[in-house]
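**Q** Next comes final-v6.txt, compact mmCIF, C-alpha atoms and all ligand atoms:
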# COMPACT_ATOMS: atom_id res chain seq x y z
CA MET A 37 -43.59 17.05 -7.65
CA ARG A 38 -41.82 20.39 -7.85
CA ASP A 39 -41.64 21.45 -4.25
CA GLY A 40 -40.65 18.34 -2.38
CA PHE A 41 -39.62 19.99 0.82
CA ARG A 42 -42.71 22.11 1.20
CA ALA A 43 -44.99 19.18 0.51
CA VAL A 44 -43.16 16.98 3.00
CA LEU A 45 -43.40 19.50 5.81
CA ARG A 46 -46.87 20.83 5.26
CA LYS A 47 -49.51 19.22 7.42
CA PRO A 48 -52.63 18.17 5.55
CA GLY A 49 -55.26 20.86 5.65
CA VAL A 50 -52.87 23.56 6.81
CA GLU A 51 -52.84 26.43 4.36
CA LEU A 52 -49.85 28.67 4.22
CA PRO A 53 -50.49 32.40 4.27
CA SER A 54 -47.17 32.66 2.52
CA ALA A 55 -48.17 33.18 -1.10
CA VAL A 56 -47.85 36.84 -0.25
CA ALA A 57 -45.78 36.64 2.93
CA PRO A 58 -42.47 38.45 2.55
CA ASP A 59 -39.33 36.33 2.82
CA GLN A 60 -38.42 38.08 6.04
CA ASP A 61 -41.57 36.83 7.81
CA LEU A 62 -40.76 33.29 6.69
CA VAL A 63 -37.14 33.70 7.81
CA THR A 64 -38.29 34.82 11.24
CA LEU A 65 -40.71 31.88 11.53
CA ALA A 66 -38.13 29.41 10.26
CA ALA A 67 -35.50 30.71 12.68
CA ALA A 68 -38.01 30.04 15.48
CA GLY A 69 -38.32 26.41 14.32
CA ASP A 70 -41.19 26.54 11.82
CA GLY A 71 -40.38 23.91 9.21
CA VAL A 72 -43.30 24.86 6.97
CA ALA A 73 -41.95 28.40 6.70
CA PHE A 74 -38.47 27.13 5.87
CA GLY A 75 -39.91 24.76 3.29
CA GLU A 76 -41.73 27.65 1.67
CA LEU A 77 -38.52 29.69 1.52
CA VAL A 78 -36.74 26.79 -0.15
CA ALA A 79 -39.56 26.23 -2.64
CA ARG A 80 -39.55 29.92 -3.47
CA HIS A 81 -35.83 30.17 -4.16
CA GLN A 82 -34.65 26.73 -5.28
CA ASP A 83 -35.08 27.35 -9.01
CA ARG A 84 -33.14 30.61 -9.00
CA VAL A 85 -30.35 29.15 -6.90
CA TYR A 86 -30.18 26.16 -9.24
CA ALA A 87 -30.09 28.47 -12.27
CA VAL A 88 -27.10 30.39 -10.89
CA ALA A 89 -25.19 27.14 -10.36
CA MET A 90 -26.32 25.40 -13.53
CA HIS A 91 -25.52 28.31 -15.84
CA LEU A 92 -22.04 28.69 -14.43
CA LEU A 93 -21.18 24.99 -14.15
CA ARG A 94 -23.20 23.43 -17.00
CA ASP A 95 -23.36 20.20 -15.03
CA ALA A 96 -26.62 19.12 -13.40
CA ALA A 97 -25.03 16.95 -10.68
CA GLU A 98 -22.60 19.65 -9.61
CA ALA A 99 -25.30 22.29 -9.72
CA GLU A 100 -27.48 20.14 -7.45
CA GLU A 101 -24.62 19.89 -4.94
CA VAL A 102 -24.29 23.67 -4.96
CA VAL A 103 -28.03 24.02 -4.30
CA GLN A 104 -27.77 21.65 -1.34
CA GLU A 105 -24.71 23.42 0.09
CA THR A 106 -26.39 26.80 -0.32
CA PHE A 107 -29.58 25.88 1.53
CA LEU A 108 -27.69 24.00 4.25
CA ALA A 109 -25.64 27.17 4.79
CA ALA A 110 -28.86 29.23 4.83
CA LEU A 111 -30.27 26.97 7.52
CA GLU A 112 -27.26 27.72 9.72
CA LYS A 113 -27.56 31.45 9.13
CA LEU A 114 -31.33 31.86 9.53
CA PRO A 115 -31.30 33.96 12.70
CA GLY A 116 -28.96 36.51 11.14
CA PHE A 117 -31.04 37.69 8.17
CA ARG A 118 -32.73 41.07 8.35
CA GLY A 119 -34.88 42.17 5.44
CA ASP A 120 -36.04 40.42 2.26
CA ALA A 121 -33.20 41.70 0.12
CA ALA A 122 -30.66 40.36 2.60
CA PHE A 123 -31.90 36.79 2.27
CA THR A 124 -32.22 36.69 -1.53
CA THR A 125 -28.97 38.53 -2.12
CA TRP A 126 -27.17 36.31 0.33
CA LEU A 127 -28.52 33.10 -1.25
CA HIS A 128 -27.50 34.11 -4.76
CA ARG A 129 -24.07 35.22 -3.65
CA VAL A 130 -23.41 31.99 -1.75
CA ALA A 131 -24.53 29.93 -4.74
CA ALA A 132 -22.44 32.02 -7.16
CA ASN A 133 -19.39 31.79 -4.91
CA ALA A 134 -19.71 28.01 -4.53
CA ALA A 135 -20.06 27.59 -8.30
CA LEU A 136 -17.11 29.92 -9.01
CA MET A 137 -14.89 27.94 -6.63
CA ARG A 138 -15.74 24.78 -8.53
CA LEU A 139 -15.03 26.52 -11.83
CA ARG A 140 -11.60 27.60 -10.60
CA LYS A 141 -10.77 24.04 -9.60
CA ARG A 142 -11.73 22.88 -13.06
CA ARG A 143 -9.94 25.61 -14.90
CA ARG A 144 -6.92 23.49 -15.80
CA ALA A 145 -9.06 20.86 -17.45
CA PRO A 146 -9.69 21.37 -21.17
CA ASP A 147 -13.10 22.83 -21.86
CA THR A 148 -15.41 20.97 -24.16
CA LEU A 149 -16.78 24.21 -25.56
CA ALA A 150 -14.29 26.22 -27.55
CA GLU A 151 -14.24 29.88 -26.67
CA GLU A 152 -14.53 32.23 -29.57
CA PRO A 153 -12.40 35.34 -29.98
CA MET A 154 -14.38 38.39 -28.89
CA ASP A 155 -12.73 41.12 -30.91
CA GLU A 156 -14.33 40.37 -34.21
CA LEU A 157 -17.74 40.52 -32.56
CA LEU A 158 -17.24 44.04 -31.21
CA PRO A 159 -18.45 47.13 -33.10
CA ARG A 160 -16.13 48.50 -35.78
CA PHE A 161 -15.60 52.16 -36.59
CA ASP A 162 -14.19 53.79 -39.71
CA ALA A 163 -11.25 56.21 -39.65
CA GLN A 164 -13.59 59.10 -38.82
CA GLY A 165 -14.99 57.21 -35.84
CA HIS A 166 -18.32 56.37 -37.53
CA LEU A 167 -19.90 53.08 -36.56
CA LEU A 168 -19.96 50.60 -39.43
CA ALA A 169 -23.38 49.05 -39.93
CA ASP A 170 -23.79 45.34 -39.23
CA GLY A 171 -22.83 43.30 -42.25
CA PRO A 172 -24.79 40.37 -43.61
CA GLY A 173 -22.25 37.94 -42.13
CA HIS A 174 -23.75 37.66 -38.66
CA ASP A 175 -24.43 34.16 -37.61
CA TRP A 176 -28.13 33.83 -38.05
CA ALA A 177 -29.01 36.85 -40.14
CA LYS A 178 -29.40 34.65 -43.21
CA ARG A 179 -32.08 32.70 -41.41
CA ALA A 180 -34.11 35.76 -40.54
CA ASP A 181 -37.01 34.66 -42.72
CA GLU A 182 -37.15 31.21 -41.22
CA GLN A 183 -39.34 30.52 -38.27
CA LEU A 184 -37.05 28.66 -35.92
CA ALA A 185 -38.56 26.32 -33.42
CA ASP A 186 -38.56 27.71 -29.90
CA ARG A 187 -36.20 25.00 -28.72
CA GLN A 188 -33.69 25.85 -31.43
CA VAL A 189 -33.79 29.51 -30.47
CA ARG A 190 -33.11 28.61 -26.87
CA GLN A 191 -30.20 26.41 -27.84
CA ALA A 192 -28.76 29.06 -30.12
CA VAL A 193 -28.94 31.76 -27.46
CA GLU A 194 -27.54 29.47 -24.79
CA ALA A 195 -24.66 28.41 -27.05
CA ALA A 196 -23.81 32.04 -27.86
CA VAL A 197 -23.63 32.87 -24.14
CA GLN A 198 -21.72 29.75 -23.19
CA ASN A 199 -19.15 30.29 -25.97
CA LEU A 200 -18.09 33.67 -24.62
CA PRO A 201 -14.61 33.73 -23.07
CA GLU A 202 -15.02 32.70 -19.44
CA ASP A 203 -14.39 36.09 -17.78
CA TYR A 204 -17.10 37.63 -19.97
CA ARG A 205 -19.45 34.67 -19.69
CA ILE A 206 -19.39 34.74 -15.88
CA VAL A 207 -20.08 38.47 -15.67
CA PHE A 208 -22.88 38.37 -18.24
CA LEU A 209 -24.55 35.38 -16.56
CA LEU A 210 -24.37 36.77 -13.05
CA ARG A 211 -25.45 40.30 -13.98
CA ASP A 212 -27.87 40.08 -16.90
CA VAL A 213 -29.26 36.57 -16.40
CA GLU A 214 -29.18 36.21 -12.60
CA GLY A 215 -29.41 39.86 -11.60
CA LEU A 216 -26.50 40.21 -9.16
CA SER A 217 -25.25 43.76 -8.66
CA SER A 218 -21.99 44.93 -10.22
CA GLU A 219 -20.70 45.58 -6.70
CA SER A 220 -21.47 42.02 -5.54
CA MET A 221 -19.75 40.60 -8.59
CA ALA A 222 -16.67 42.78 -8.14
CA GLU A 223 -16.33 41.39 -4.63
CA LEU A 224 -16.96 37.77 -5.68
CA LEU A 225 -14.51 37.96 -8.57
CA GLY A 226 -11.87 40.07 -6.85
CA VAL A 227 -11.87 42.74 -9.57
CA SER A 228 -12.96 46.39 -9.69
CA VAL A 229 -16.52 47.49 -10.40
CA ALA A 230 -15.16 49.25 -13.50
CA ALA A 231 -13.71 45.95 -14.74
CA VAL A 232 -17.04 44.20 -14.18
CA LYS A 233 -18.89 46.90 -16.11
CA SER A 234 -16.39 46.86 -18.95
CA ARG A 235 -16.58 43.06 -19.33
CA LEU A 236 -20.37 43.19 -19.19
CA HIS A 237 -20.48 45.84 -21.91
CA ARG A 238 -18.19 43.84 -24.21
CA ALA A 239 -20.12 40.64 -23.55
CA ARG A 240 -23.39 42.33 -24.49
CA LEU A 241 -21.85 43.80 -27.64
CA ALA A 242 -20.47 40.42 -28.69
CA LEU A 243 -23.79 38.66 -28.03
CA ARG A 244 -25.66 41.37 -29.88
CA ALA A 245 -23.51 40.73 -32.92
CA LYS A 246 -23.98 36.97 -32.62
CA LEU A 247 -27.69 36.94 -31.93
CA GLY A 248 -28.58 39.08 -34.92
CA HIS A 249 -32.25 38.95 -35.76
CA TYR A 250 -33.36 37.34 -32.50
CA LEU A 251 -32.99 40.80 -30.99
CA GLU A 252 -35.05 42.70 -33.53
CA MET B 33 -17.30 69.46 -32.78
CA SER B 34 -15.37 70.06 -29.58
CA ALA B 35 -15.53 67.72 -26.64
CA GLY B 36 -16.29 70.58 -24.29
CA ASP B 37 -19.43 71.71 -26.10
CA PRO B 38 -22.47 70.17 -24.32
CA GLU B 39 -24.59 70.62 -27.44
CA ALA B 40 -22.10 68.79 -29.65
CA ILE B 41 -23.31 65.49 -31.08
CA PRO B 42 -20.97 62.82 -29.66
CA SER B 43 -19.05 60.44 -31.90
CA CYS B 44 -20.30 56.91 -32.61
CA GLN B 45 -17.51 55.54 -30.45
CA ARG B 46 -18.54 57.73 -27.54
CA VAL B 47 -22.18 56.72 -28.01
CA VAL B 48 -21.34 53.00 -27.92
CA GLU B 49 -19.17 53.54 -24.83
CA CYS B 50 -21.97 55.37 -23.06
CA LEU B 51 -24.76 52.88 -23.78
CA PRO B 52 -24.59 51.09 -20.39
CA ALA B 53 -24.70 54.36 -18.47
CA TRP B 54 -27.50 55.65 -20.70
CA PHE B 55 -29.66 52.56 -20.14
CA GLU B 56 -29.04 52.79 -16.40
CA GLY B 57 -30.05 56.45 -16.45
CA ALA B 58 -26.58 57.23 -15.11
CA LEU B 59 -25.44 59.55 -17.88
CA PRO B 60 -24.78 63.16 -16.77
CA SER B 61 -27.95 65.07 -17.69
CA GLY B 62 -26.11 67.36 -20.14
CA GLU B 63 -25.06 64.35 -22.21
CA GLU B 64 -28.48 62.76 -22.58
CA GLY B 65 -29.86 65.11 -25.22
CA PRO B 66 -26.85 64.88 -27.57
CA MET B 67 -26.76 61.11 -27.08
CA GLU B 68 -30.43 60.75 -27.99
CA ARG B 69 -30.05 63.03 -31.02
CA HIS B 70 -27.17 60.87 -32.23
CA LEU B 71 -29.23 57.70 -31.84
CA VAL B 72 -32.03 59.20 -33.93
CA LEU B 73 -29.75 60.62 -36.62
CA CYS B 74 -27.34 57.68 -36.96
CA PRO B 75 -29.06 54.45 -38.10
CA PRO B 76 -26.15 52.09 -37.23
CA CYS B 77 -25.99 53.41 -33.65
CA GLY B 78 -29.79 53.40 -33.35
CA HIS B 79 -29.87 49.78 -34.44
CA LEU B 80 -27.00 48.84 -32.15
CA ALA B 81 -28.71 50.47 -29.16
CA ARG B 82 -32.04 48.73 -29.82
CA THR B 83 -30.47 45.30 -30.09
CA TYR B 84 -28.00 45.89 -27.22
CA ARG B 85 -30.89 46.60 -24.91
CA ARG B 86 -32.60 43.28 -25.75
CA VAL B 87 -29.61 41.00 -25.13
CA GLY B 88 -30.22 40.49 -21.42
CA ASP B 89 -33.98 39.87 -21.78
CA VAL B 90 -33.53 37.41 -24.63
CA ALA B 91 -30.80 35.49 -22.80
CA ARG B 92 -32.81 35.38 -19.56
CA ALA B 93 -35.87 34.04 -21.33
CA ALA B 94 -33.90 31.48 -23.34
CA MET B 95 -31.85 30.21 -20.41
CA GLU B 96 -34.58 29.68 -17.86
CA VAL B 97 -33.99 26.45 -15.92
CA ARG B 98 -35.76 24.86 -12.99
CA LEU B 99 -34.49 22.44 -10.39
CA PRO B 100 -35.48 18.98 -11.70
CA PRO B 101 -38.23 17.32 -9.61
CA ALA B 102 -36.00 14.44 -8.48
CA ALA B 103 -33.35 16.91 -7.29
CA ALA B 104 -36.05 18.91 -5.49
CA GLU B 105 -37.11 15.73 -3.69
CA ARG B 106 -33.54 15.01 -2.62
CA LEU B 107 -33.11 18.58 -1.43
CA GLY B 108 -36.33 18.31 0.55
CA ARG B 109 -35.25 15.11 2.28
CA LEU B 110 -31.80 16.47 3.11
CA LEU B 111 -33.09 19.75 4.52
CA ARG B 112 -35.93 18.14 6.43
CA ALA B 113 -33.47 15.84 8.21
CA ARG B 114 -31.08 18.69 8.93
CA PHE B 115 -33.88 21.00 10.07
CA ALA B 116 -35.21 18.39 12.49
CA ALA B 117 -31.70 17.81 13.90
CA ARG B 118 -31.10 21.50 14.61
CA PRO B 119 -30.47 22.49 18.22
CA SER B 120 -33.40 24.75 19.15
ZN ZN A 301 -23.39 56.63 -34.70
Using the file provided, produce a representation of the structure as structure tokens.

**A**
Amino acid sequence: MRDGFRAVLRKPGVELPSAVAPDQDLVTLAAAGDGVAFGELVARHQDRVYAVAMHLLRDAAEAEEVVQETFLAALEKLPGFRGDAAFTTWLHRVAANAALMRLRKRRRAPDTLAEEPMDELLPRFDAQGHLLADGPGHDWAKRADEQLADRQVRQAVEAAVQNLPEDYRIVFLLRDVEGLSSESMAELLGVSVAAVKSRLHRARLALRAKLGHYLE
Amino acid sequence: MSAGDPEAIPSCQRVVECLPAWFEGALPSGEEGPMERHLVLCPPCGHLARTYRRVGDVARAAMEVRLPPAAAERLGRLLRARFAARPS
């Protein structure tokens, strides 16, 4: 069963009006002690919160702990949320922050995935500043005529993202995959918005070079 | 072409630099026309821009994950207990 908490709390025969209820209505009800409303909020957001943690940590058990910590913290903070954006943004930031703290703790340990140098994946220009067209050497270009199974495509894309150097990987995941704002990320990472944007741009350029025909 | 001429076609390097701002619609309005002309006239930059724009969508679609059902059950039990124990 996907939504354990919602199912546990919902009384038989009681239909939630919440398929269309905004988060803020559910937050208000939950803050007043309505467990069904809180269960619906959890069911609505648990996959996204898990994705933030899982993409950053690449470890299902650790990601599950982050999900639990995030929703326990949300439970404490319920009365303070005003507006739908506030709740979603807050959840994703708490999850990202918890995952980043775990990543920092790990940082000394050797990574199982080798990072690849970025520079050779960035665009090249000739002496006149003209962009050189993509060569035939890009990873999967030679397989352009093959129909890859969906699962292989997913693995290839995931591997390309996860092999980025960590600073670039984190920014790309949080911005382009999870949708955090550049400003939120700058605050979480303790760097400038300009640095976030520059890393994001380079990460996209490197992935574009790696992903070749998947992007056509 | 001089940098100060708003009608000048920007260099490839400048075009690549400006892609994020262009996709966000954050490029100064005077620079949009020259940028778009460059993308039409320069096949390598046109190709780069088209593929650059797809990176986020392709990654998002490929990396979709959902909380496994057993983990969702554990989360439900934990939160239900904590919710019931809240001071009201
Ligand atoms: Zn060009």

**Q** Produce a table with one row for each residue of chain A that has an atom at most 12 Å from any atom of ligand ZN 301 (chain A), each row naming the nearest atom pair and its distance in Å at one decimal; use all atoms listed in the file; arrange rows by chain and rising residue number; format as a Markdown table.

**A**
| residue | atom | partner | partner_atom | distance |
| --- | --- | --- | --- | --- |
| A:Pro159 | CA | A:ZN301 | ZN | 10.8 |
| A:Arg160 | CA | A:ZN301 | ZN | 11.0 |
| A:Phe161 | CA | A:ZN301 | ZN | 9.2 |
| A:Asp162 | CA | A:ZN301 | ZN | 10.9 |
| A:Gln164 | CA | A:ZN301 | ZN | 10.9 |
| A:Gly165 | CA | A:ZN301 | ZN | 8.5 |
| A:His166 | CA | A:ZN301 | ZN | 5.8 |
| A:Leu167 | CA | A:ZN301 | ZN | 5.3 |
| A:Leu168 | CA | A:ZN301 | ZN | 8.4 |
| A:Ala169 | CA | A:ZN301 | ZN | 9.2 |

**Q** What lies within 12 Å of Leu107 in chain B using all atoms listed in the file, ignoring chain neighbours under 2 positions off, as JSON, numbers by chain?

**A** {"A": [38, 39, 40, 41, 42, 44, 75, 78, 79, 82, 83, 86, 99, 100, 101, 102, 103, 104, 105, 106, 107, 108], "B": [99, 100, 101, 102, 103, 104, 105, 109, 110, 111, 112, 113, 114, 115]}

**Q** Please identify all residues of chain B having at least one atom at most 9 Å from any atom of chain A, considering all atoms listed in the file, and return them as a PyMOL selection string.

**A** chain B and resi 43-45+48-49+51-52+74-77+79-80+82-112+114-116+118+120

**Q** One decimal, Å: what's the distance from CA of Val232 in chain A over to CA of Leu136 in chain A, could you say?

**A**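 So the two atoms, CA of Val232 in chain A and CA of Leu136 in chain A, lie 15.2 Å apart.
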
**Q** Using Å and a single decimal, report how far CA of Leu158 in chain A sits from CA of Gly62 in chain B.

**A**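 We find that CA of Gly62 in chain B and CA of Leu158 in chain A lie 27.3 Å from each other.
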
**Q** Using only C-alpha atoms, find the one residue out of A:Met154, A:Leu225, A:Ala131, A:Ile206 that sits nearest to His81 in chain A.

**A**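 Smallest distance to His81 in chain A is found for A:Ala131.
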
**Q** List the spatial neighbours of Val229 in chain A as a PDB file with C-alpha atoms, in the frame of the given file - criterion: any atom at most 7 Å away, only C-alpha atoms, same-chain residues fewer than 4 positions off excluded.

**A**
ATOM      1  CA  SER A 218     -21.990  44.930 -10.220  1.00  0.00           C
ATOM      2  CA  GLU A 219     -20.700  45.580  -6.700  1.00  0.00           C
ATOM      3  CA  ALA A 222     -16.670  42.780  -8.140  1.00  0.00           C
ATOM      4  CA  LYS A 233     -18.890  46.900 -16.110  1.00  0.00           C
TER       5      LYS A 233
END
